[in-house]
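Here the structure comes first, spelled out in structure tokens, and everything after it is commentary.
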Amino acid sequence: MQPTPWSKAAGSMPSDRLPRPAQRPQHVSQKQSKGKGKNQEPSKSKAIRKLESLAEGVRKSSGREKDPKGGCFCQAREHDLSPYTAICRGCGLILCAINLPYYACPHCSAVLLSNIVRSSLSARLDEEISKQVAKEEEGRLRVVQQARDAEGAFPVLPGSAAATPPVLSSTPSRPTAQTHKVLSLNSKTKKYTVSSYTNTPVSSRPASRAESEVEEVHRVGAPPSEVDFVKRTPDRNHPWSNMRMELLYVLVK
């Protein structure tokens, strides 16, 4: 048997002479898998993010920093009383919920949290975060169970794959557009026309960019450093006159 051209190669099959595709490095797939894992993490609610930010500020701040927004001087008249620091022990200013506890007093710049109160408040915030997470998880499971009961699903055994509740998407569903037709009859010509109308509902929720921004609340500014009073001497002939501004009376006949 005479040797064929492909029998002189390293392999005995024609497919052995074909070029093999280059293999991709493994680190690329690992990066992609890590990225997918991060995207699948459920987003935290606004209440949990607020509590975590407050707990981080209590741990890391020294207490001498002032609020960059100036604080609020409403003295709990427009906002609720602060559940963490209700009053400044230095000047007696009543603090509302807008004044964060890890900032200094907006009036006298006194530190609101001592070392003992700071550690106690940090433990309290950690407990509130755990309760909020458990509350939201319980509510999510309740919604899933109500959806299953509404669909008439069969009961499943605990620990099975079907018993694992699906992850609810935080993205709001867009309302669908509705199209309807209107039949109009002309009384003079006795002819009818059919018109189509489409209602495009507008979502009541703002955009995702607006949700990430902190809601701006109304803050009451600090009172003036000096008491406003009239420095002029009262006129005995006109005790009823306005001392703040000059008034010109015109006699109209």
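Chain labels run A, B, ... following the order of the structure tokens; each chain numbers its residues from 1, and ligands are numbered from 1 in the order shown.
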Mind checking which residues fall within 12 Å of segment 107-110 of chain A, counting only C-alpha atoms, ignoring those fewer than 6 positions away in the same chain, and posting them as a list in words?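 Near segment 107-110 of chain A, the qualifying residues are Ser62, Gly63, Arg64, Glu65, Lys66, Asp67, Gly70, Gly71, Cys72, Phe73, Gln75, Ile87, Cys88, Arg89, Gly90, Cys91, Gly92, Leu93, Ile94, Leu95, Asn99, Pro101, Gly221, Ala222, Pro223, Pro224 and Ser225 of chain A.
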Could you take the residues named above and write them with N, CA and C atoms, as a PDB file, in the first residue's frame?
ATOM      1  N   SER A  62     -16.402  62.117  64.266  1.00  0.00           N
ATOM      2  CA  SER A  62     -15.905  62.521  65.584  1.00  0.00           C
ATOM      3  C   SER A  62     -16.953  63.273  66.387  1.00  0.00           C
ATOM      4  N   GLY A  63     -18.021  63.734  65.750  1.00  0.00           N
ATOM      5  CA  GLY A  63     -19.061  64.480  66.440  1.00  0.00           C
ATOM      6  C   GLY A  63     -18.843  65.973  66.450  1.00  0.00           C
ATOM      7  N   ARG A  64     -17.684  66.433  65.986  1.00  0.00           N
ATOM      8  CA  ARG A  64     -17.403  67.872  65.958  1.00  0.00           C
ATOM      9  C   ARG A  64     -17.694  68.493  64.596  1.00  0.00           C
ATOM     10  N   GLU A  65     -17.954  67.657  63.595  1.00  0.00           N
ATOM     11  CA  GLU A  65     -18.264  68.193  62.270  1.00  0.00           C
ATOM     12  C   GLU A  65     -19.647  68.827  62.271  1.00  0.00           C
ATOM     13  N   LYS A  66     -19.772  69.909  61.531  1.00  0.00           N
ATOM     14  CA  LYS A  66     -21.060  70.579  61.393  1.00  0.00           C
ATOM     15  C   LYS A  66     -21.785  70.079  60.149  1.00  0.00           C
ATOM     16  N   ASP A  67     -23.095  70.138  60.217  1.00  0.00           N
ATOM     17  CA  ASP A  67     -23.903  69.734  59.069  1.00  0.00           C
ATOM     18  C   ASP A  67     -23.628  70.689  57.908  1.00  0.00           C
ATOM     19  N   GLY A  70     -26.376  73.102  57.193  1.00  0.00           N
ATOM     20  CA  GLY A  70     -26.767  74.078  58.210  1.00  0.00           C
ATOM     21  C   GLY A  70     -27.706  73.575  59.271  1.00  0.00           C
ATOM     22  N   GLY A  71     -28.188  72.349  59.164  1.00  0.00           N
ATOM     23  CA  GLY A  71     -29.123  71.844  60.158  1.00  0.00           C
ATOM     24  C   GLY A  71     -30.509  72.464  60.007  1.00  0.00           C
ATOM     25  N   CYS A  72     -31.310  72.309  61.039  1.00  0.00           N
ATOM     26  CA  CYS A  72     -32.674  72.846  61.035  1.00  0.00           C
ATOM     27  C   CYS A  72     -32.981  73.420  62.414  1.00  0.00           C
ATOM     28  N   PHE A  73     -33.626  74.593  62.422  1.00  0.00           N
ATOM     29  CA  PHE A  73     -33.958  75.286  63.675  1.00  0.00           C
ATOM     30  C   PHE A  73     -35.469  75.359  63.894  1.00  0.00           C
ATOM     31  N   GLN A  75     -37.134  73.390  65.750  1.00  0.00           N
ATOM     32  CA  GLN A  75     -37.395  72.940  67.118  1.00  0.00           C
ATOM     33  C   GLN A  75     -38.608  71.998  67.184  1.00  0.00           C
ATOM     34  N   ILE A  87     -32.383  66.828  72.310  1.00  0.00           N
ATOM     35  CA  ILE A  87     -32.052  68.158  72.809  1.00  0.00           C
ATOM     36  C   ILE A  87     -30.541  68.269  72.954  1.00  0.00           C
ATOM     37  N   CYS A  88     -30.033  69.466  72.742  1.00  0.00           N
ATOM     38  CA  CYS A  88     -28.610  69.737  72.938  1.00  0.00           C
ATOM     39  C   CYS A  88     -28.377  70.049  74.412  1.00  0.00           C
ATOM     40  N   ARG A  89     -27.445  69.357  75.024  1.00  0.00           N
ATOM     41  CA  ARG A  89     -27.162  69.578  76.441  1.00  0.00           C
ATOM     42  C   ARG A  89     -26.300  70.811  76.672  1.00  0.00           C
ATOM     43  N   GLY A  90     -25.809  71.428  75.592  1.00  0.00           N
ATOM     44  CA  GLY A  90     -25.002  72.613  75.753  1.00  0.00           C
ATOM     45  C   GLY A  90     -25.816  73.891  75.795  1.00  0.00           C
ATOM     46  N   CYS A  91     -26.724  74.050  74.822  1.00  0.00           N
ATOM     47  CA  CYS A  91     -27.518  75.280  74.739  1.00  0.00           C
ATOM     48  C   CYS A  91     -29.004  75.044  74.929  1.00  0.00           C
ATOM     49  N   GLY A  92     -29.446  73.782  74.951  1.00  0.00           N
ATOM     50  CA  GLY A  92     -30.857  73.494  75.162  1.00  0.00           C
ATOM     51  C   GLY A  92     -31.698  73.572  73.908  1.00  0.00           C
ATOM     52  N   LEU A  93     -31.073  73.585  72.727  1.00  0.00           N
ATOM     53  CA  LEU A  93     -31.836  73.645  71.478  1.00  0.00           C
ATOM     54  C   LEU A  93     -32.549  72.322  71.236  1.00  0.00           C
ATOM     55  N   ILE A  94     -33.845  72.390  70.968  1.00  0.00           N
ATOM     56  CA  ILE A  94     -34.622  71.190  70.650  1.00  0.00           C
ATOM     57  C   ILE A  94     -34.302  70.793  69.218  1.00  0.00           C
ATOM     58  N   LEU A  95     -33.932  69.544  69.015  1.00  0.00           N
ATOM     59  CA  LEU A  95     -33.477  69.050  67.720  1.00  0.00           C
ATOM     60  C   LEU A  95     -34.567  68.195  67.084  1.00  0.00           C
ATOM     61  N   ASN A  99     -31.847  66.987  61.996  1.00  0.00           N
ATOM     62  CA  ASN A  99     -30.504  67.104  62.573  1.00  0.00           C
ATOM     63  C   ASN A  99     -29.968  65.709  62.894  1.00  0.00           C
ATOM     64  N   PRO A 101     -27.591  62.802  64.346  1.00  0.00           N
ATOM     65  CA  PRO A 101     -26.951  62.779  65.669  1.00  0.00           C
ATOM     66  C   PRO A 101     -25.434  62.838  65.623  1.00  0.00           C
ATOM     67  N   GLY A 221     -34.044  78.175  58.858  1.00  0.00           N
ATOM     68  CA  GLY A 221     -32.744  78.768  59.084  1.00  0.00           C
ATOM     69  C   GLY A 221     -32.543  79.236  60.513  1.00  0.00           C
ATOM     70  N   ALA A 222     -31.305  79.579  60.811  1.00  0.00           N
ATOM     71  CA  ALA A 222     -30.965  80.046  62.158  1.00  0.00           C
ATOM     72  C   ALA A 222     -31.566  81.422  62.405  1.00  0.00           C
ATOM     73  N   PRO A 223     -31.962  81.719  63.619  1.00  0.00           N
ATOM     74  CA  PRO A 223     -32.505  83.055  63.922  1.00  0.00           C
ATOM     75  C   PRO A 223     -31.411  84.109  63.826  1.00  0.00           C
ATOM     76  N   PRO A 224     -31.775  85.374  63.648  1.00  0.00           N
ATOM     77  CA  PRO A 224     -30.756  86.433  63.567  1.00  0.00           C
ATOM     78  C   PRO A 224     -30.012  86.586  64.889  1.00  0.00           C
ATOM     79  N   SER A 225     -28.762  86.998  64.777  1.00  0.00           N
ATOM     80  CA  SER A 225     -27.936  87.153  65.988  1.00  0.00           C
ATOM     81  C   SER A 225     -28.370  88.344  66.829  1.00  0.00           C
TER      82      SER A 225
END
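Atom CA of Leu121 of chain A is positioned 16.9 Å from atom CA of Ile98 of chain A.
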Work out how far atom CA of Ala150 of chain A is from atom CA of Lys44 of chain A, in Å to one decimal. 27.2 Å
Quick one: pull the distance between atom CA of Glu226 of chain A and atom CA of Asn242 of chain A, Å, one decimal.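 Computing it gives 21.1 Å between the two atoms.
Counting only C-alpha atoms, the residue from A:Ile48, A:Leu100, A:Val58, A:Glu78 that sits nearest to Arg219 of chain A is A:Glu78.
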Who sits within 7 Å of Cys96 of chain A, only C-alpha atoms, same chain under 4 positions skipped, as number ranges by chain: A: 75-76, 79-82, 86
Write out as a ChimeraX atom specification which residues come within 12 Å of Lys231 of chain A when counting only C-alpha atoms, dropping same-chain ones fewer than 2 positions away. /A:227-229,233-234,243-245
Restricting the output to all heavy atoms, write the selected residues as a PDB file, in the first residue's frame.
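The result, stored in out.pdb:
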ATOM      1  N   VAL A 227     -31.533  91.183  67.954  1.00  0.00           N
ATOM      2  CA  VAL A 227     -32.982  91.339  68.031  1.00  0.00           C
ATOM      3  C   VAL A 227     -33.385  92.546  67.185  1.00  0.00           C
ATOM      4  O   VAL A 227     -32.805  93.633  67.299  1.00  0.00           O
ATOM      5  CB  VAL A 227     -33.434  91.519  69.489  1.00  0.00           C
ATOM      6  CG1 VAL A 227     -34.949  91.693  69.562  1.00  0.00           C
ATOM      7  CG2 VAL A 227     -32.992  90.337  70.328  1.00  0.00           C
ATOM      8  N   ASP A 228     -34.374  92.341  66.341  1.00  0.00           N
ATOM      9  CA  ASP A 228     -34.838  93.418  65.480  1.00  0.00           C
ATOM     10  C   ASP A 228     -35.773  94.340  66.272  1.00  0.00           C
ATOM     11  O   ASP A 228     -36.800  93.893  66.805  1.00  0.00           O
ATOM     12  CB  ASP A 228     -35.568  92.821  64.272  1.00  0.00           C
ATOM     13  CG  ASP A 228     -35.932  93.894  63.261  1.00  0.00           C
ATOM     14  OD1 ASP A 228     -35.366  95.001  63.344  1.00  0.00           O
ATOM     15  OD2 ASP A 228     -36.784  93.606  62.390  1.00  0.00           O
ATOM     16  N   PHE A 229     -35.411  95.621  66.362  1.00  0.00           N
ATOM     17  CA  PHE A 229     -36.249  96.578  67.077  1.00  0.00           C
ATOM     18  C   PHE A 229     -36.099  97.951  66.415  1.00  0.00           C
ATOM     19  O   PHE A 229     -35.150  98.206  65.660  1.00  0.00           O
ATOM     20  CB  PHE A 229     -35.857  96.660  68.561  1.00  0.00           C
ATOM     21  CG  PHE A 229     -34.478  97.219  68.797  1.00  0.00           C
ATOM     22  CD1 PHE A 229     -34.289  98.563  69.112  1.00  0.00           C
ATOM     23  CD2 PHE A 229     -33.362  96.397  68.690  1.00  0.00           C
ATOM     24  CE1 PHE A 229     -33.025  99.071  69.315  1.00  0.00           C
ATOM     25  CE2 PHE A 229     -32.090  96.905  68.897  1.00  0.00           C
ATOM     26  CZ  PHE A 229     -31.920  98.241  69.208  1.00  0.00           C
ATOM     27  N   THR A 233     -37.050 107.335  68.335  1.00  0.00           N
ATOM     28  CA  THR A 233     -37.820 107.740  69.513  1.00  0.00           C
ATOM     29  C   THR A 233     -39.279 107.917  69.128  1.00  0.00           C
ATOM     30  O   THR A 233     -39.584 108.554  68.111  1.00  0.00           O
ATOM     31  CB  THR A 233     -37.274 109.056  70.080  1.00  0.00           C
ATOM     32  OG1 THR A 233     -35.882 108.913  70.353  1.00  0.00           O
ATOM     33  CG2 THR A 233     -38.013 109.444  71.355  1.00  0.00           C
ATOM     34  N   PRO A 234     -40.222 107.359  69.887  1.00  0.00           N
ATOM     35  CA  PRO A 234     -41.635 107.492  69.531  1.00  0.00           C
ATOM     36  C   PRO A 234     -42.085 108.954  69.542  1.00  0.00           C
ATOM     37  O   PRO A 234     -41.631 109.769  70.347  1.00  0.00           O
ATOM     38  CB  PRO A 234     -42.362 106.684  70.599  1.00  0.00           C
ATOM     39  CG  PRO A 234     -41.326 105.865  71.260  1.00  0.00           C
ATOM     40  CD  PRO A 234     -40.029 106.530  71.084  1.00  0.00           C
ATOM     41  N   MET A 243     -43.519 102.958  63.213  1.00  0.00           N
ATOM     42  CA  MET A 243     -42.148 103.355  63.496  1.00  0.00           C
ATOM     43  C   MET A 243     -41.136 102.666  62.586  1.00  0.00           C
ATOM     44  O   MET A 243     -39.984 103.078  62.520  1.00  0.00           O
ATOM     45  CB  MET A 243     -41.816 103.034  64.959  1.00  0.00           C
ATOM     46  CG  MET A 243     -42.723 103.714  65.973  1.00  0.00           C
ATOM     47  SD  MET A 243     -42.564 105.510  65.934  1.00  0.00           S
ATOM     48  CE  MET A 243     -40.895 105.699  66.520  1.00  0.00           C
ATOM     49  N   ARG A 244     -41.558 101.651  61.871  1.00  0.00           N
ATOM     50  CA  ARG A 244     -40.619 100.943  61.015  1.00  0.00           C
ATOM     51  C   ARG A 244     -40.433 101.618  59.662  1.00  0.00           C
ATOM     52  O   ARG A 244     -39.390 101.486  59.043  1.00  0.00           O
ATOM     53  CB  ARG A 244     -41.085  99.493  60.800  1.00  0.00           C
ATOM     54  CG  ARG A 244     -41.008  98.648  62.064  1.00  0.00           C
ATOM     55  CD  ARG A 244     -41.412  97.220  61.773  1.00  0.00           C
ATOM     56  NE  ARG A 244     -41.281  96.372  62.950  1.00  0.00           N
ATOM     57  CZ  ARG A 244     -40.169  95.744  63.315  1.00  0.00           C
ATOM     58  NH1 ARG A 244     -39.081  95.873  62.585  1.00  0.00           N
ATOM     59  NH2 ARG A 244     -40.143  95.010  64.406  1.00  0.00           N
ATOM     60  N   MET A 245     -41.422 102.312  59.189  1.00  0.00           N
ATOM     61  CA  MET A 245     -41.337 102.928  57.874  1.00  0.00           C
ATOM     62  C   MET A 245     -42.122 104.235  57.875  1.00  0.00           C
ATOM     63  O   MET A 245     -43.068 104.422  58.644  1.00  0.00           O
ATOM     64  CB  MET A 245     -41.886 101.990  56.792  1.00  0.00           C
ATOM     65  CG  MET A 245     -43.308 101.522  57.036  1.00  0.00           C
ATOM     66  SD  MET A 245     -43.876 100.290  55.844  1.00  0.00           S
ATOM     67  CE  MET A 245     -43.708 101.205  54.320  1.00  0.00           C
TER      68      MET A 245
END
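The smallest atom-to-atom distance between Ala55 of chain A and any of A:Thr193, A:Thr85, A:Ser122, A:Gln132, using only C-alpha atoms, is found for A:Ser122.
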